[in-house]
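Peer 1: One structure, as structure tokens, below. Some questions next.
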Amino acid sequence: MHQINRNPYTFTLRVQYRSSDYLANLVSIAENYKGTVLHADVKVLRENLTSADVVISVEQPEDQKWIEKAVNQLNGGDIVELLEEIMYLHKGGKLETTLKNPIRTKEDLSKVYTPGVAKVCQAIVQDHTQAYELTTKKNTVAVISDGTAVLGLGDIGPKAAMPVMEGKAALFKQFADVDAVPICLDTKDTEEIIAIVKALAPTFGGINLEDISSPRCFEIETRLRNELDIPVFHDDQHGTAIVVLAGLLNALKVCGKNIKDVKIVVNGVGAAGISVSKMLLHAGAVNLIGVDREGAINRLHTYDRAHWSDFAQITNPGLETGGLSDVIKGADVFIGVSAPGVLKLDDVLNMAKDPIVFAMANPTPEIDPAIAAPHVKIMATGRSDFPNQINNVLCFPGIFRGALDCEAFDINDEMKLAAAEAISSVIDPSELHEHYIIPDAFDPRVVERIRTAVARAAFESGAARKNLFSGIN
């Protein structure tokens, strides 16, 4: 059984005190209750009054309560605020704007703003492509959401969605040095969202749509891809699909199976499930069956949802019927983008030899990995505390890095397939094994492999304005 990692729990006590020995006593209390003071930011507020943010690490959250209770009894000072680590990291947001070049003099001011900037404006008027070279457009992506399908939280609205969009922007910068701007829209109207994004588009080199509920997300992305001249990418659909394919390509190598020959069951026919299925079909899968609450999607059935009717036409070649327990029989691969606990042990036992299970519901997978692992060849989840994490952060920074660098006007199927193959290629065949089919997000090779593969695929498929490989074999 894979053990969950126990990372120390960190919190911050913001205190104000008058007594000179107050801080030393606080440190002693923390140590007595199994805590470690990591650091203290001290600030003198006025004579005889000092403030300190004391960061304390403990093994168990319960230890925090004992430390807080004991510090409250200390004389000479008071706890002003308790800041848990996550809340502390989010205070004031996770992003800030910085200058590439400092503005120190009037001469600097005249160059970066009026009158000097007029020359730059005129250059772009004469040649609109100069916006890529003379503005932030070249390296900037908009992360846009309406807050209707945020993580496992659902429709929480644009204000509550902002921390997620900020986090996405932070990951763009951390992993691929892409500047990203979080934008949360206070509307659920499809036409209004499309109009707003189109109006914002001149500022950006790409649009990353995020956490927009199905089926609206399909029309929004399709329309924007058709009507804009910059890449539009709905990460919940395509990022998931790309990383799933990358992991599956390596899992099949470990199992000695071919994607053209295996039976694949995809549980959950929403935005992610449909995109995953299309990606696998594009990569060569043939026998793929989508299952939702109403059972196996079958082209002989009539559906009220247009996206299910379309999906039925390209899947389930054997016209199988029934629920998950029916169609999972003899399946080589299970891919779950659905709900906790829907895959039972009996279902796993009815799969083909050396089954592959990707149970990606978060935070609770479709089946407990500890239960499934002894009976499968490959087990993957969306969680970081189990092997083989299928994580979108492996994809979206690199795919936009490549798209921006070649000034692509789309992210097409060829670029997505190239991204998946690039991710899988990071792991040498000699290194592949049951618990290592997908690289770590912090592996520096990931973004560069994706960047190169995506830019090449963009140029070869006619989706790039710039060839990064002229003169290079």
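Letters for chains follow the order of the structure tokens (A, B, ...), residue numbers begin at 1 for each chain, and ligand numbers begin at 1 in the order shown.
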From a DSSP calculation on the backbone, collect every residue of range 73-138 of chain A in alpha helix (DSSP H) and output the set as a PDB file with N, CA and C atoms, in the first residue's frame.
Peer 2:
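Saved the output as part.pdb:
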```pdb
ATOM      1  N   GLU A  85      -1.154  28.424   6.882  1.00  0.00           N
ATOM      2  CA  GLU A  85      -0.165  28.546   5.816  1.00  0.00           C
ATOM      3  C   GLU A  85      -0.791  28.888   4.466  1.00  0.00           C
ATOM      4  N   ILE A  86      -1.850  28.176   4.120  1.00  0.00           N
ATOM      5  CA  ILE A  86      -2.471  28.400   2.811  1.00  0.00           C
ATOM      6  C   ILE A  86      -3.039  29.804   2.724  1.00  0.00           C
ATOM      7  N   MET A  87      -3.741  30.234   3.780  1.00  0.00           N
ATOM      8  CA  MET A  87      -4.330  31.573   3.771  1.00  0.00           C
ATOM      9  C   MET A  87      -3.235  32.634   3.746  1.00  0.00           C
ATOM     10  N   TYR A  88      -2.143  32.379   4.456  1.00  0.00           N
ATOM     11  CA  TYR A  88      -1.042  33.337   4.516  1.00  0.00           C
ATOM     12  C   TYR A  88      -0.405  33.513   3.137  1.00  0.00           C
ATOM     13  N   LEU A  89      -0.245  32.398   2.420  1.00  0.00           N
ATOM     14  CA  LEU A  89       0.359  32.471   1.092  1.00  0.00           C
ATOM     15  C   LEU A  89      -0.514  33.240   0.110  1.00  0.00           C
ATOM     16  N   HIS A  90      -1.823  33.314   0.395  1.00  0.00           N
ATOM     17  CA  HIS A  90      -2.742  33.990  -0.514  1.00  0.00           C
ATOM     18  C   HIS A  90      -3.029  35.434  -0.125  1.00  0.00           C
ATOM     19  N   LYS A 106      13.667  61.610 -15.806  1.00  0.00           N
ATOM     20  CA  LYS A 106      12.701  62.152 -16.763  1.00  0.00           C
ATOM     21  C   LYS A 106      12.968  61.631 -18.166  1.00  0.00           C
ATOM     22  N   GLU A 107      14.247  61.400 -18.468  1.00  0.00           N
ATOM     23  CA  GLU A 107      14.588  60.865 -19.780  1.00  0.00           C
ATOM     24  C   GLU A 107      14.005  59.456 -19.945  1.00  0.00           C
ATOM     25  N   ASP A 108      14.122  58.626 -18.901  1.00  0.00           N
ATOM     26  CA  ASP A 108      13.517  57.291 -18.937  1.00  0.00           C
ATOM     27  C   ASP A 108      12.011  57.397 -19.152  1.00  0.00           C
ATOM     28  N   LEU A 109      11.384  58.330 -18.426  1.00  0.00           N
ATOM     29  CA  LEU A 109       9.933  58.515 -18.516  1.00  0.00           C
ATOM     30  C   LEU A 109       9.522  58.893 -19.934  1.00  0.00           C
ATOM     31  N   SER A 110      10.301  59.754 -20.556  1.00  0.00           N
ATOM     32  CA  SER A 110       9.954  60.205 -21.908  1.00  0.00           C
ATOM     33  C   SER A 110      10.100  59.100 -22.940  1.00  0.00           C
ATOM     34  N   LYS A 111      10.915  58.081 -22.613  1.00  0.00           N
ATOM     35  CA  LYS A 111      11.105  56.964 -23.545  1.00  0.00           C
ATOM     36  C   LYS A 111      10.000  55.914 -23.405  1.00  0.00           C
ATOM     37  N   VAL A 112       9.660  55.579 -22.148  1.00  0.00           N
ATOM     38  CA  VAL A 112       8.679  54.514 -21.953  1.00  0.00           C
ATOM     39  C   VAL A 112       7.249  55.018 -22.068  1.00  0.00           C
ATOM     40  N   VAL A 117       6.788  56.994 -26.695  1.00  0.00           N
ATOM     41  CA  VAL A 117       5.973  55.828 -26.994  1.00  0.00           C
ATOM     42  C   VAL A 117       5.161  55.987 -28.280  1.00  0.00           C
ATOM     43  N   ALA A 118       4.960  57.217 -28.716  1.00  0.00           N
ATOM     44  CA  ALA A 118       4.187  57.458 -29.937  1.00  0.00           C
ATOM     45  C   ALA A 118       4.838  56.796 -31.148  1.00  0.00           C
ATOM     46  N   LYS A 119       6.166  56.785 -31.173  1.00  0.00           N
ATOM     47  CA  LYS A 119       6.881  56.167 -32.287  1.00  0.00           C
ATOM     48  C   LYS A 119       6.570  54.669 -32.368  1.00  0.00           C
ATOM     49  N   VAL A 120       6.469  54.045 -31.192  1.00  0.00           N
ATOM     50  CA  VAL A 120       6.169  52.612 -31.131  1.00  0.00           C
ATOM     51  C   VAL A 120       4.736  52.357 -31.608  1.00  0.00           C
ATOM     52  N   CYS A 121       3.811  53.215 -31.171  1.00  0.00           N
ATOM     53  CA  CYS A 121       2.414  53.089 -31.600  1.00  0.00           C
ATOM     54  C   CYS A 121       2.304  53.176 -33.116  1.00  0.00           C
ATOM     55  N   GLN A 122       3.014  54.125 -33.706  1.00  0.00           N
ATOM     56  CA  GLN A 122       2.965  54.319 -35.150  1.00  0.00           C
ATOM     57  C   GLN A 122       3.536  53.117 -35.895  1.00  0.00           C
ATOM     58  N   ALA A 123       4.558  52.499 -35.326  1.00  0.00           N
ATOM     59  CA  ALA A 123       5.140  51.308 -35.951  1.00  0.00           C
ATOM     60  C   ALA A 123       4.121  50.176 -36.004  1.00  0.00           C
ATOM     61  N   ILE A 124       3.321  50.042 -34.945  1.00  0.00           N
ATOM     62  CA  ILE A 124       2.315  48.985 -34.912  1.00  0.00           C
ATOM     63  C   ILE A 124       1.160  49.316 -35.855  1.00  0.00           C
ATOM     64  N   VAL A 125       0.816  50.596 -35.990  1.00  0.00           N
ATOM     65  CA  VAL A 125      -0.208  50.997 -36.954  1.00  0.00           C
ATOM     66  C   VAL A 125       0.200  50.576 -38.366  1.00  0.00           C
ATOM     67  N   GLN A 126       1.475  50.743 -38.686  1.00  0.00           N
ATOM     68  CA  GLN A 126       1.968  50.397 -40.014  1.00  0.00           C
ATOM     69  C   GLN A 126       2.037  48.884 -40.226  1.00  0.00           C
ATOM     70  N   ALA A 131       3.108  44.187 -32.946  1.00  0.00           N
ATOM     71  CA  ALA A 131       2.593  44.098 -31.577  1.00  0.00           C
ATOM     72  C   ALA A 131       3.252  42.946 -30.831  1.00  0.00           C
ATOM     73  N   TYR A 132       3.649  41.890 -31.572  1.00  0.00           N
ATOM     74  CA  TYR A 132       4.324  40.759 -30.936  1.00  0.00           C
ATOM     75  C   TYR A 132       5.720  41.136 -30.449  1.00  0.00           C
ATOM     76  N   GLU A 133       6.361  42.066 -31.129  1.00  0.00           N
ATOM     77  CA  GLU A 133       7.734  42.428 -30.775  1.00  0.00           C
ATOM     78  C   GLU A 133       7.814  43.622 -29.836  1.00  0.00           C
ATOM     79  N   LEU A 134       6.810  44.492 -29.882  1.00  0.00           N
ATOM     80  CA  LEU A 134       6.934  45.773 -29.180  1.00  0.00           C
ATOM     81  C   LEU A 134       5.983  45.918 -27.993  1.00  0.00           C
TER      82      LEU A 134
END
```
Peer 1: Give me, as a PyMOL selection string, all polymer residues having an atom no more than 7 Å from Ala285 in chain A, counting only C-alpha atoms and skipping those fewer than 3 positions away in the same chain.
Peer 2: chain A and resi 259-260+280-281+288
Peer 1: Give me, please, the distance in Å between CA of Val426 in chain A and CA of Asp177 in chain A, quoted to one decimal.
Peer 2: 19.9 Å
Peer 1: Skip range 387-397 of chain A itself and residues of its chain fewer than 5 positions away, then list as number ranges by chain all residues within 10 Å of it, counting only C-alpha atoms.
Peer 2: A: 2, 168-169, 171-178, 208, 233-247, 251, 358-360, 369, 378-382, 402, 416, 419-420, 422-423, 434-443, 446-448, 450-451
Peer 1: Excluding Asp413 in chain A and any residue of its chain fewer than 2 positions from it, enumerate the residues within 8 Å of it, using only C-alpha atoms, and give them as a ChimeraX atom specification.
Peer 2: /A:279,282,411,415-417
Peer 1: Go through A:Asp261, A:Asp304, A:Glu421, A:Glu68 one by one, measure the shortest atom-to-atom distance of each to Ala331 in chain A using only C-alpha atoms, and give the residue with the smallest value.
Peer 2: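 Nearest candidate to Ala331 in chain A out of A:Asp261, A:Asp304, A:Glu421, A:Glu68: A:Asp261.
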Peer 1: Counting only C-alpha atoms, what is within 10 Å of Ala160 in chain A, bar same-chain residues fewer than 6 positions away, as a compact mmCIF listing (two decimals) with N, CA and C atoms, in the first residue's frame?
Peer 2:
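Below is the file that was written, around-v9.txt:
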```txt
# COMPACT_ATOMS: atom_id res chain seq x y z
N GLY A 147 -16.18 31.06 -13.43
CA GLY A 147 -16.35 30.51 -12.10
C GLY A 147 -17.47 29.50 -11.96
N VAL A 150 -15.43 25.19 -10.95
CA VAL A 150 -14.11 25.37 -10.34
C VAL A 150 -13.73 24.14 -9.52
N CYS A 184 -11.63 37.00 -14.31
CA CYS A 184 -12.86 36.30 -13.96
C CYS A 184 -14.06 37.17 -14.36
```
Peer 1: When you count only C-alpha atoms, which of these residues is closest to Leu82 in chain A: A:Lys34, A:Lys344, A:Lys65, A:Arg223?
Peer 2: A:Lys65
Peer 1: I need the strand (DSSP E) residues of range 202-255 of chain A per DSSP on the backbone, written as a list in words.
Peer 2: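 Listing strand (DSSP E) positions across range 202-255 of chain A yields Gly206, Ile207, Asn208, Leu209, Val232, Phe233 and His234 of chain A.
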Peer 1: Name all residues at most 8 Å from range 17-20 of chain A (count only C-alpha atoms; drop same-chain ones fewer than 5 positions away) and give them as a count of residues only.
Peer 2: 8
Peer 1: I need the residue nearest Asp354 in chain A from this list: A:Leu224, A:Leu83, A:Ile367, A:Val254. Use only C-alpha atoms for the distance.
Peer 2: A:Val254
Peer 1: Determine the nearest neighbour of Ala339 in chain A from the options A:Ser145, A:Thr140, A:Ser424, A:Asn267, counting only C-alpha atoms.
Peer 2: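 The closest residue to Ala339 in chain A is A:Asn267.
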